[in-house]
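These notes are about the structure you will find just below.
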Amino acid sequence: MSDRIFLASPHMSEEGYEREFIQEAFDTNWIAPLGANVDGFENEICQKTGAKAAVALSSGTSAIHLALKLAGLKKGERVFCQSLTFSATANPIVYEAGIPVFIDSEPDTWNMSPAALESAFRKYPDTRIVMLVHLYGVAAKIDEIKEICSRHQAVLIEDAAESLGTVYNGQWTGTFGDYGIYSFNGNKIITTSGGGMLVSNREDAEDKMQKAFFWATQSREKERYYQHKEIGYNYRMSNITAGIGRGQLKVLDKRIEKKRKIYQYYKKALSSVSDITMMPFDREECRNNCWLSCLTLSVDSRVSPLDIQLALEKENIESRPVWKPMHLQPVFSDCDYIDNGGVAEHLFKQGMCLPSDTKMTDQDLERVCGIVRSCWK
């Protein structure tokens, strides 16, 4: 059996930066959900992204949950949410007894359609919260989305879990809206094994992040005894995990360059197959991190995405379908959906994610491409 090629697996720094921070945590006996690494990781994320304030949390999902609470989501209130995404984007809406209204994508970025969002506001004009996703590391049409949200006085939350390092007109995704979310799950461009970060660029960002910190630490009041006036959560990141993140942050730029190289390799090596179209990545105004390299097949292709996935799987190579849209998920079958010509459904049916692991060699990439091309022989 040939060596396994992963879709996207953890990649610790060759320089051993992570070990240095972890060793410091052990040496000082700070392994709990506080300590120098947690503070340092929050500060360094702010320095890197330009966010005003941040709080390190146990997952990107917990960051989305707290962002919704900061936005004041109330029971029975609607939230406009991108349909083409992972369920972690939408699930926290339900944690707070909110009602997701799913928004279709547009083909230029695969992200939330501004036109569909406008239609959603016409149908539900009192909606106050919009959940945008920068899918697979591609920046959404953030200027248009932000303008629509501003006009409707809606809170904009950016799920930038997949787009850390994606820059739009000189500004990092995750810092355009009221709140931004980054994920450091094991498959992300940098990882802490598990963890997330909530950031904000609001004028009151410090106050908002302090409130999020309060909720994340079980909403414990400042009393000598344990007093709780609000429901809290055990959402804080450990000092060990944050140490891994600090080390990984040092190699983020290298990981982005490798991801971009992988995408360019696929784009060139698969250009001979007329049925294949690579996911649109760079536009003039943005530089995407290319977290996962994705493709779509023409609707009349005799080869399906599943055919390619099975061919790769047979050769010990991991790949993945494009996210199944939330409006097609049984758990959300009662939720409304604002269509834009079925873009999200088309991408799900005709798309797939190619292995995009930063440890891949050129030989690995050619091995993948050779298998993909052979599906048409």
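Ordering of the structure tokens sets the chain letters (A, B, ...), residue numbers begin anew at 1 in every chain, and ligands are numbered from 1 in the order given.
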Find the residues around segment 27-36 of chain A up to 8 Å (only C-alpha atoms counted), leave out those fewer than 5 positions away in its own chain, and share them as an mmCIF file with all heavy atoms, in the first residue's frame.
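Result written to out_16.cif:
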data_model
loop_
_atom_site.group_PDB
_atom_site.id
_atom_site.type_symbol
_atom_site.label_atom_id
_atom_site.label_comp_id
_atom_site.auth_asym_id
_atom_site.auth_seq_id
_atom_site.Cartn_x
_atom_site.Cartn_y
_atom_site.Cartn_z
ATOM 1 N N ARG A 236 -12.811 28.055 27.844
ATOM 2 C CA ARG A 236 -11.486 28.663 27.744
ATOM 3 C C ARG A 236 -10.442 27.703 27.170
ATOM 4 O O ARG A 236 -10.512 26.480 27.348
ATOM 5 C CB ARG A 236 -11.020 29.160 29.110
ATOM 6 C CG ARG A 236 -11.701 30.440 29.535
ATOM 7 C CD ARG A 236 -11.322 31.614 28.647
ATOM 8 N NE ARG A 236 -10.077 32.241 29.058
ATOM 9 C CZ ARG A 236 -9.306 32.972 28.265
ATOM 10 N NH1 ARG A 236 -9.628 33.116 27.000
ATOM 11 N NH2 ARG A 236 -8.219 33.530 28.718
ATOM 12 N N MET A 237 -9.463 28.267 26.479
ATOM 13 C CA MET A 237 -8.343 27.503 25.930
ATOM 14 C C MET A 237 -7.295 27.274 27.015
ATOM 15 O O MET A 237 -7.049 28.145 27.841
ATOM 16 C CB MET A 237 -7.724 28.273 24.752
ATOM 17 C CG MET A 237 -6.552 27.557 24.095
ATOM 18 S SD MET A 237 -5.822 28.521 22.730
ATOM 19 C CE MET A 237 -7.044 28.286 21.450
ATOM 20 N N SER A 238 -6.674 26.100 27.009
ATOM 21 C CA SER A 238 -5.640 25.800 27.997
ATOM 22 C C SER A 238 -4.323 26.469 27.620
ATOM 23 O O SER A 238 -4.075 26.814 26.459
ATOM 24 C CB SER A 238 -5.437 24.288 28.113
ATOM 25 O OG SER A 238 -4.604 23.813 27.072
ATOM 26 N N ASN A 239 -3.464 26.632 28.616
ATOM 27 C CA ASN A 239 -2.157 27.247 28.383
ATOM 28 C C ASN A 239 -1.266 26.369 27.499
ATOM 29 O O ASN A 239 -0.429 26.877 26.752
ATOM 30 C CB ASN A 239 -1.466 27.512 29.723
ATOM 31 C CG ASN A 239 -0.401 28.596 29.632
ATOM 32 O OD1 ASN A 239 -0.597 29.623 28.988
ATOM 33 N ND2 ASN A 239 0.728 28.358 30.262
ATOM 34 N N ILE A 240 -1.458 25.052 27.586
ATOM 35 C CA ILE A 240 -0.708 24.128 26.721
ATOM 36 C C ILE A 240 -1.141 24.305 25.269
ATOM 37 O O ILE A 240 -0.314 24.461 24.359
ATOM 38 C CB ILE A 240 -0.937 22.670 27.159
ATOM 39 C CG1 ILE A 240 -0.366 22.428 28.565
ATOM 40 C CG2 ILE A 240 -0.308 21.704 26.156
ATOM 41 C CD1 ILE A 240 1.126 22.509 28.649
#
Filtered DSSP result for segment 92-309 of chain A, state helix (DSSP H, G or I), as a PDB file with C-alpha atoms, in the first residue's frame:
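states.pdb, written as the output of this step:
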ATOM      1  CA  PRO A  92     -24.859  27.648  17.770  1.00  0.00           C
ATOM      2  CA  ILE A  93     -27.856  29.595  16.438  1.00  0.00           C
ATOM      3  CA  VAL A  94     -30.002  26.754  17.722  1.00  0.00           C
ATOM      4  CA  TYR A  95     -28.073  26.623  21.034  1.00  0.00           C
ATOM      5  CA  PRO A 114     -25.350  39.587  -1.696  1.00  0.00           C
ATOM      6  CA  ALA A 115     -28.426  39.459  -3.947  1.00  0.00           C
ATOM      7  CA  ALA A 116     -29.935  36.616  -1.924  1.00  0.00           C
ATOM      8  CA  LEU A 117     -29.130  38.466   1.294  1.00  0.00           C
ATOM      9  CA  GLU A 118     -31.011  41.510  -0.002  1.00  0.00           C
ATOM     10  CA  SER A 119     -33.966  39.246  -0.793  1.00  0.00           C
ATOM     11  CA  ALA A 120     -33.793  37.822   2.717  1.00  0.00           C
ATOM     12  CA  PHE A 121     -33.997  41.295   4.251  1.00  0.00           C
ATOM     13  CA  ARG A 122     -37.001  42.100   2.070  1.00  0.00           C
ATOM     14  CA  LYS A 123     -38.734  38.984   3.386  1.00  0.00           C
ATOM     15  CA  LEU A 135     -15.460  29.133   2.619  1.00  0.00           C
ATOM     16  CA  TYR A 136     -12.314  27.052   2.024  1.00  0.00           C
ATOM     17  CA  GLY A 137     -10.212  30.174   2.619  1.00  0.00           C
ATOM     18  CA  ILE A 142     -17.312  41.314   2.074  1.00  0.00           C
ATOM     19  CA  ASP A 143     -17.690  44.941   0.964  1.00  0.00           C
ATOM     20  CA  GLU A 144     -21.138  44.267  -0.480  1.00  0.00           C
ATOM     21  CA  ILE A 145     -22.218  42.124   2.477  1.00  0.00           C
ATOM     22  CA  LYS A 146     -20.982  44.684   4.979  1.00  0.00           C
ATOM     23  CA  GLU A 147     -22.789  47.530   3.196  1.00  0.00           C
ATOM     24  CA  ILE A 148     -26.056  45.571   3.217  1.00  0.00           C
ATOM     25  CA  CYS A 149     -25.678  44.793   6.928  1.00  0.00           C
ATOM     26  CA  SER A 150     -24.897  48.421   7.710  1.00  0.00           C
ATOM     27  CA  ARG A 151     -27.924  49.629   5.795  1.00  0.00           C
ATOM     28  CA  ALA A 205     -14.042  45.451  21.386  1.00  0.00           C
ATOM     29  CA  GLU A 206     -12.234  45.259  24.726  1.00  0.00           C
ATOM     30  CA  ASP A 207     -15.487  45.372  26.673  1.00  0.00           C
ATOM     31  CA  LYS A 208     -17.123  42.799  24.398  1.00  0.00           C
ATOM     32  CA  MET A 209     -14.199  40.379  24.690  1.00  0.00           C
ATOM     33  CA  GLN A 210     -14.194  40.775  28.476  1.00  0.00           C
ATOM     34  CA  LYS A 211     -17.850  39.766  28.461  1.00  0.00           C
ATOM     35  CA  ALA A 212     -17.050  36.763  26.268  1.00  0.00           C
ATOM     36  CA  PHE A 213     -14.237  35.822  28.681  1.00  0.00           C
ATOM     37  CA  PHE A 214     -16.719  36.049  31.567  1.00  0.00           C
ATOM     38  CA  TRP A 215     -19.196  33.688  29.870  1.00  0.00           C
ATOM     39  CA  ALA A 216     -16.369  31.331  28.836  1.00  0.00           C
ATOM     40  CA  ASN A 239      -2.157  27.247  28.383  1.00  0.00           C
ATOM     41  CA  ILE A 240      -0.708  24.128  26.721  1.00  0.00           C
ATOM     42  CA  THR A 241      -2.995  24.430  23.700  1.00  0.00           C
ATOM     43  CA  ALA A 242      -2.247  28.148  23.417  1.00  0.00           C
ATOM     44  CA  GLY A 243       1.474  27.349  23.448  1.00  0.00           C
ATOM     45  CA  ILE A 244       1.028  25.151  20.395  1.00  0.00           C
ATOM     46  CA  GLY A 245      -0.883  28.003  18.753  1.00  0.00           C
ATOM     47  CA  ARG A 246       1.887  30.525  19.432  1.00  0.00           C
ATOM     48  CA  GLY A 247       4.406  28.225  17.800  1.00  0.00           C
ATOM     49  CA  GLN A 248       2.136  27.553  14.839  1.00  0.00           C
ATOM     50  CA  LEU A 249       1.495  31.248  14.323  1.00  0.00           C
ATOM     51  CA  LEU A 252       1.499  30.677   9.295  1.00  0.00           C
ATOM     52  CA  ASP A 253       3.003  32.590   6.374  1.00  0.00           C
ATOM     53  CA  LYS A 254       4.918  29.469   5.267  1.00  0.00           C
ATOM     54  CA  ARG A 255       1.777  27.355   5.469  1.00  0.00           C
ATOM     55  CA  ILE A 256      -0.161  29.868   3.357  1.00  0.00           C
ATOM     56  CA  GLU A 257       2.542  29.870   0.697  1.00  0.00           C
ATOM     57  CA  LYS A 258       2.498  26.065   0.553  1.00  0.00           C
ATOM     58  CA  LYS A 259      -1.316  25.957   0.315  1.00  0.00           C
ATOM     59  CA  ARG A 260      -1.191  28.448  -2.533  1.00  0.00           C
ATOM     60  CA  LYS A 261       1.487  26.417  -4.291  1.00  0.00           C
ATOM     61  CA  ILE A 262      -0.679  23.289  -3.993  1.00  0.00           C
ATOM     62  CA  TYR A 263      -3.612  25.081  -5.589  1.00  0.00           C
ATOM     63  CA  GLN A 264      -1.491  26.405  -8.462  1.00  0.00           C
ATOM     64  CA  TYR A 265      -0.049  22.942  -9.057  1.00  0.00           C
ATOM     65  CA  TYR A 266      -3.521  21.417  -9.351  1.00  0.00           C
ATOM     66  CA  LYS A 267      -4.754  24.230 -11.554  1.00  0.00           C
ATOM     67  CA  LYS A 268      -1.928  23.710 -14.037  1.00  0.00           C
ATOM     68  CA  ALA A 269      -1.722  19.906 -13.883  1.00  0.00           C
ATOM     69  CA  PRO A 305     -16.924  13.656  -8.030  1.00  0.00           C
ATOM     70  CA  LEU A 306     -17.630  10.346  -6.302  1.00  0.00           C
ATOM     71  CA  ASP A 307     -15.765   8.477  -9.071  1.00  0.00           C
ATOM     72  CA  ILE A 308     -12.680  10.581  -8.338  1.00  0.00           C
ATOM     73  CA  GLN A 309     -13.006  10.206  -4.582  1.00  0.00           C
TER      74      GLN A 309
END
Q: Write out as a VMD selection string each polymer residue whose atoms come within 7 Å of Leu7 of chain A, counting only C-alpha atoms; drop sequence neighbours fewer than 3 positions from it.
A: chain A and resid 318 to 319 354 to 357
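Atom to atom, atom CA of His11 of chain A and atom CA of Ala160 of chain A stand 19.9 Å apart.
The shell of residues at most 9 Å from Ile103 of chain A, with only C-alpha atoms counted and near chain neighbours (fewer than 4 positions) removed, consists of Phe80, Cys81, Gln82, Ser83, Leu84, Met112, Ser113, Ala116, Leu117, Ala120, His327, Asp336, Tyr337, Ile338, Asp339 and Asn340 of chain A.
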(message) List as a PyMOL selection string the protein and nucleic acid residues near Gly50 of chain A, meaning an atom at most 9 Å away when only C-alpha atoms are counted, but skip any in the same chain fewer than 6 places from it.
(response) chain A and resi 171-172+175+201
Print the selection's residues with C-alpha atoms to a file, as a CSV table (one decimal), in the first residue's frame.
chain,number,residue,atom,x,y,z
A,171,GLN,CA,-7.4,43.6,5.7
A,172,TRP,CA,-7.6,40.2,7.2
A,175,THR,CA,-11.8,41.7,11.1
A,201,ASN,CA,-12.7,45.3,15.7
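Remark: for Phe102 of chain A, the closest of the candidate residues A:Cys335, A:Lys250, A:Val155, A:Ile371 is A:Cys335 (distances computed over only C-alpha atoms).
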